[in-house]
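Participant: Dumping the structure here so I can ask a few things about it.
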Amino acid sequence: MKTFLLRSVVALMTSMAASMATAQPQGFGPIADFMTMDVCTGPDGNAVAGVPGDKDCRRHRDIAPGETPPYTLQNFPAPTSGCAAGPVSKINVPVSRFHETRIVSSTLRQVPCSAAPPEEDDELERNGASIQWHDDQYGFIMGSYSPVSLSSFESDLCAANRQSSRRFFRGWVIGPADVPALGATGYGMFQTKLQKGAASANMGACALRYSRALTTWAVEKVSYTSGRALVSVISSHYSRGAPDGQSPGDAMQMEQTFWTREFGLSRWEKWAREDWVHPRSGKSAADLAKQLVAAGRCSPPLHSPVAFTPAMQISGTDDGAAVYRRVVSNPLTGEQHAWVMTLCEDYTNVSPLADGGKVLNRVSALADDGYWE
């Protein structure tokens, strides 16, 4: 009798555990899917015309390494410009080298619709890219190439990986390697060091000291400037973090990136604390925020109230004034600061790409081999 009761209890507990497990909200799978642009496909899996997320694109998958991108992501022009697109074009594609794969997100400067084309030699001076990947715990940005500088985000993993690209893992964390369910949030404090120069030139030695940067993430459905509503990983990378790892502490700046399954990197925002002043122009954060709203090139940012930690609560965004503003507060100490959005680029302005092969070759050439070594 006792044996029968014991078996019954075990069976009941097993059934309840299984029921609870199936009741948990399902996540969205690997973060690499949110870094890579998709292509529409036919029943055979081959790419066909169309834009992922649109109703006529019934099937879609990640674009494969070396596959020609059929469309490009562009930013938005000023409403008064008369142009159909802004000056930046982007593709988010996997690139394979040395039996390793990374995601390269391009920043290709386009000729404004009212301007003369630049000289051909000027091309590399105008273009840039960032390199993303993931390990078994986190997705991250490894480094970037821009017209003004080459930058790598070294992490404290460097000590065990001096000659390997793993030295750049988790230097700029985006979020968890497995994207959680809609509404999920998270945070972490990560050791990082910005290294100037080509990635391959930084091999061998490691930084003597690292900064501690706070990153928060949330999974939300976002309405973009294009009107597309897409499930997104919203990643906020603060320039610093409090010693306890629970809040931004004395950070004055934050970069926010938006990642979607359809397009990869889809939007970028720059935020600053209201008392921050631009070191070169001398303009206040409020002045820069007013200029951004007046330009009208980005839709209002999505920021619902979120409590990331007991020491970090974020208000919703006030978009009724001349600036996009929110408040980051510490309920434990009562400290709070207003933050404003000073820059924004939304890349959900999709256009067909006639010379996709040429663009793919141009993008692949931008990234240094050190990110694959």
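Starting from 1 in every chain, residues are counted up; chains themselves are A, B, ... following the order of the structure tokens, and ligands are numbered from 1 as listed.
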Can you tell me which residues surround range 173-181 of chain A at a distance of at most 6 Å, considering only C-alpha atoms, apart from same-chain residues fewer than 4 positions away, and format the answer as number ranges by chain?

Facilitator: A: 25-31, 137-140, 217, 235

Participant: Can you tell me which residues surround Gly53 in chain A at a distance of at most 9 Å, considering only C-alpha atoms, apart from same-chain residues fewer than 3 positions away, and format the answer as number ranges by chain?

Facilitator: A: 56-58, 60, 228-230, 262

Participant: Might you pull out every residue within 8 Å of range 285-289 of chain A, with only C-alpha atoms counted and same-chain residues fewer than 5 positions away left off, and present them as a PDB file with C-alpha atoms, in the first residue's frame?

Facilitator:
ATOM      1  CA  ALA A 272      22.701  60.670 -22.486  1.00  0.00           C
ATOM      2  CA  ARG A 273      22.024  61.802 -18.966  1.00  0.00           C
ATOM      3  CA  GLU A 274      20.490  65.275 -18.982  1.00  0.00           C
ATOM      4  CA  ASP A 275      23.556  66.846 -17.357  1.00  0.00           C
ATOM      5  CA  TRP A 276      25.954  65.479 -20.019  1.00  0.00           C
ATOM      6  CA  VAL A 277      27.642  67.951 -22.389  1.00  0.00           C
ATOM      7  CA  HIS A 278      29.154  66.951 -25.733  1.00  0.00           C
ATOM      8  CA  ALA A 322      10.368  68.625 -27.493  1.00  0.00           C
ATOM      9  CA  VAL A 323      12.631  65.729 -26.488  1.00  0.00           C
ATOM     10  CA  TYR A 324      12.352  61.973 -25.909  1.00  0.00           C
ATOM     11  CA  VAL A 340      17.276  61.946 -23.263  1.00  0.00           C
ATOM     12  CA  MET A 341      17.724  60.404 -26.715  1.00  0.00           C
ATOM     13  CA  THR A 342      20.319  62.414 -28.669  1.00  0.00           C
ATOM     14  CA  LEU A 343      20.849  60.282 -31.814  1.00  0.00           C
TER      15      LEU A 343
END

Participant: Using CA of Tyr145 in chain A and CA of Gly197 in chain A as the two end points, give the distance in Å to one decimal.

Facilitator: 9.1 Å

Participant: Could you give me, as a PyMOL selection string, the residues within 12 Å of Asp156 in chain A, counting only C-alpha atoms and dropping anything in the same chain fewer than 6 positions from it?

Facilitator: chain A and resi 162+166-172+190-194+205-212

Participant: Can you write out the residues you just picked, keeping C-alpha atoms, as a CSV table (one decimal), in the first residue's frame?

Facilitator:
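Contents of the output file result-v3.csv:
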chain,number,residue,atom,x,y,z
A,162,ARG,CA,45.7,36.1,-26.3
A,166,ARG,CA,37.8,34.8,-28.3
A,167,ARG,CA,39.6,37.7,-26.7
A,168,PHE,CA,36.8,39.8,-28.2
A,169,PHE,CA,34.0,37.6,-26.8
A,170,ARG,CA,31.7,39.4,-24.3
A,171,GLY,CA,33.4,42.7,-24.7
A,172,TRP,CA,30.1,44.4,-25.7
A,190,PHE,CA,30.8,42.9,-18.0
A,191,GLN,CA,34.5,43.6,-18.1
A,192,THR,CA,35.5,45.5,-21.2
A,193,LYS,CA,38.3,47.5,-22.8
A,194,LEU,CA,38.0,49.5,-26.0
A,205,ALA,CA,49.0,41.3,-25.1
A,206,CYS,CA,45.9,42.0,-22.9
A,207,ALA,CA,44.8,45.1,-21.2
A,208,LEU,CA,46.1,45.8,-17.7
A,209,ARG,CA,42.8,47.1,-16.5
A,210,TYR,CA,39.2,46.7,-17.6
A,211,SER,CA,36.1,48.9,-17.2
A,212,ARG,CA,32.9,47.5,-15.9

Participant: Please report, as a ChimeraX atom specification, each residue of range 188-365 of chain A to which DSSP assigns strand (DSSP E) when run on this structure's backbone.

Facilitator: /A:188-196,211-223,229-238,253-260,264-273,306-309,312-314,325-329,336-346,349-352

Participant: Can those selected residues be exported to a file as a compact mmCIF listing (two decimals), in the first residue's frame so that it contains C-alpha atoms?

Facilitator:
# COMPACT_ATOMS: atom_id res chain seq x y z
CA GLY A 188 24.67 41.88 -16.42
CA MET A 189 27.92 43.66 -15.62
CA PHE A 190 30.77 42.86 -18.00
CA GLN A 191 34.50 43.60 -18.07
CA THR A 192 35.50 45.46 -21.22
CA LYS A 193 38.29 47.49 -22.77
CA LEU A 194 38.03 49.52 -25.96
CA GLN A 195 41.13 48.83 -28.07
CA LYS A 196 41.98 51.06 -31.02
CA SER A 211 36.11 48.89 -17.22
CA ARG A 212 32.87 47.48 -15.87
CA ALA A 213 29.90 48.21 -18.14
CA LEU A 214 26.25 47.51 -17.36
CA THR A 215 24.07 45.96 -20.06
CA THR A 216 20.32 45.46 -19.81
CA TRP A 217 18.09 43.66 -22.30
CA ALA A 218 14.40 43.21 -22.94
CA VAL A 219 12.33 41.25 -25.47
CA GLU A 220 9.48 43.37 -26.79
CA LYS A 221 7.36 43.89 -29.89
CA VAL A 222 8.55 47.20 -31.32
CA SER A 223 6.85 49.51 -33.84
CA ALA A 229 5.92 45.80 -35.68
CA LEU A 230 8.61 43.21 -34.97
CA VAL A 231 9.66 41.09 -31.99
CA SER A 232 12.98 42.62 -30.93
CA VAL A 233 15.85 42.20 -28.52
CA ILE A 234 16.43 45.69 -27.08
CA SER A 235 19.95 45.91 -25.69
CA SER A 236 21.13 48.91 -23.62
CA HIS A 237 24.89 49.25 -23.11
CA TYR A 238 25.79 51.84 -20.43
CA GLN A 253 25.95 57.76 -21.84
CA MET A 254 24.19 54.69 -23.20
CA GLU A 255 23.86 53.07 -26.63
CA GLN A 256 20.74 51.09 -27.39
CA THR A 257 20.49 48.57 -30.22
CA PHE A 258 17.43 46.75 -31.58
CA TRP A 259 17.76 43.27 -33.12
CA THR A 260 15.05 41.45 -35.09
CA GLY A 264 19.22 41.61 -37.75
CA LEU A 265 20.44 44.96 -36.42
CA SER A 266 17.42 47.16 -37.10
CA ARG A 267 17.79 50.33 -35.05
CA TRP A 268 20.39 52.23 -33.03
CA GLU A 269 19.86 54.93 -30.41
CA LYS A 270 22.22 57.10 -28.36
CA TRP A 271 21.06 58.27 -24.93
CA ALA A 272 22.70 60.67 -22.49
CA ARG A 273 22.02 61.80 -18.97
CA VAL A 306 10.77 48.40 -16.45
CA ALA A 307 12.32 47.36 -13.13
CA PHE A 308 15.53 45.61 -14.20
CA THR A 309 16.92 45.20 -10.66
CA MET A 312 17.24 50.18 -11.23
CA GLN A 313 13.83 51.26 -12.45
CA ILE A 314 13.14 52.96 -15.79
CA ARG A 325 12.96 61.65 -22.19
CA ARG A 326 12.84 58.98 -19.49
CA VAL A 327 13.90 58.67 -15.87
CA VAL A 328 16.30 56.08 -14.45
CA SER A 329 15.88 55.80 -10.70
CA GLN A 336 17.18 59.48 -10.06
CA HIS A 337 18.31 61.05 -13.31
CA ALA A 338 16.55 62.06 -16.49
CA TRP A 339 17.97 60.66 -19.73
CA VAL A 340 17.28 61.95 -23.26
CA MET A 341 17.72 60.40 -26.72
CA THR A 342 20.32 62.41 -28.67
CA LEU A 343 20.85 60.28 -31.81
CA CYS A 344 18.90 57.62 -33.69
CA GLU A 345 19.07 55.58 -36.89
CA ASP A 346 16.21 53.28 -37.88
CA ASN A 349 13.44 51.28 -44.65
CA VAL A 350 13.74 48.29 -47.02
CA SER A 351 14.68 48.58 -50.71
CA PRO A 352 15.45 45.99 -53.44

Participant: In Å, how far is it from CA of Asn202 in chain A to CA of Thr36 in chain A?

Facilitator: 26.9 Å

Participant: Go through A:Ser364, A:Asn330, A:Thr225, A:Gln132 and flag the residue nearest Ser315 in chain A, using only C-alpha atoms for the distances.

Facilitator: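 Counting only C-alpha atoms, the residue closest to Ser315 in chain A is A:Asn330.
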
Participant: Rank nothing, just name the residue among A:Ser106, A:Ser247, A:Asn75, A:Ser284 nearest to Asn127 in chain A, using only C-alpha atoms.

Facilitator: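 Smallest distance to Asn127 in chain A is found for A:Ser106.
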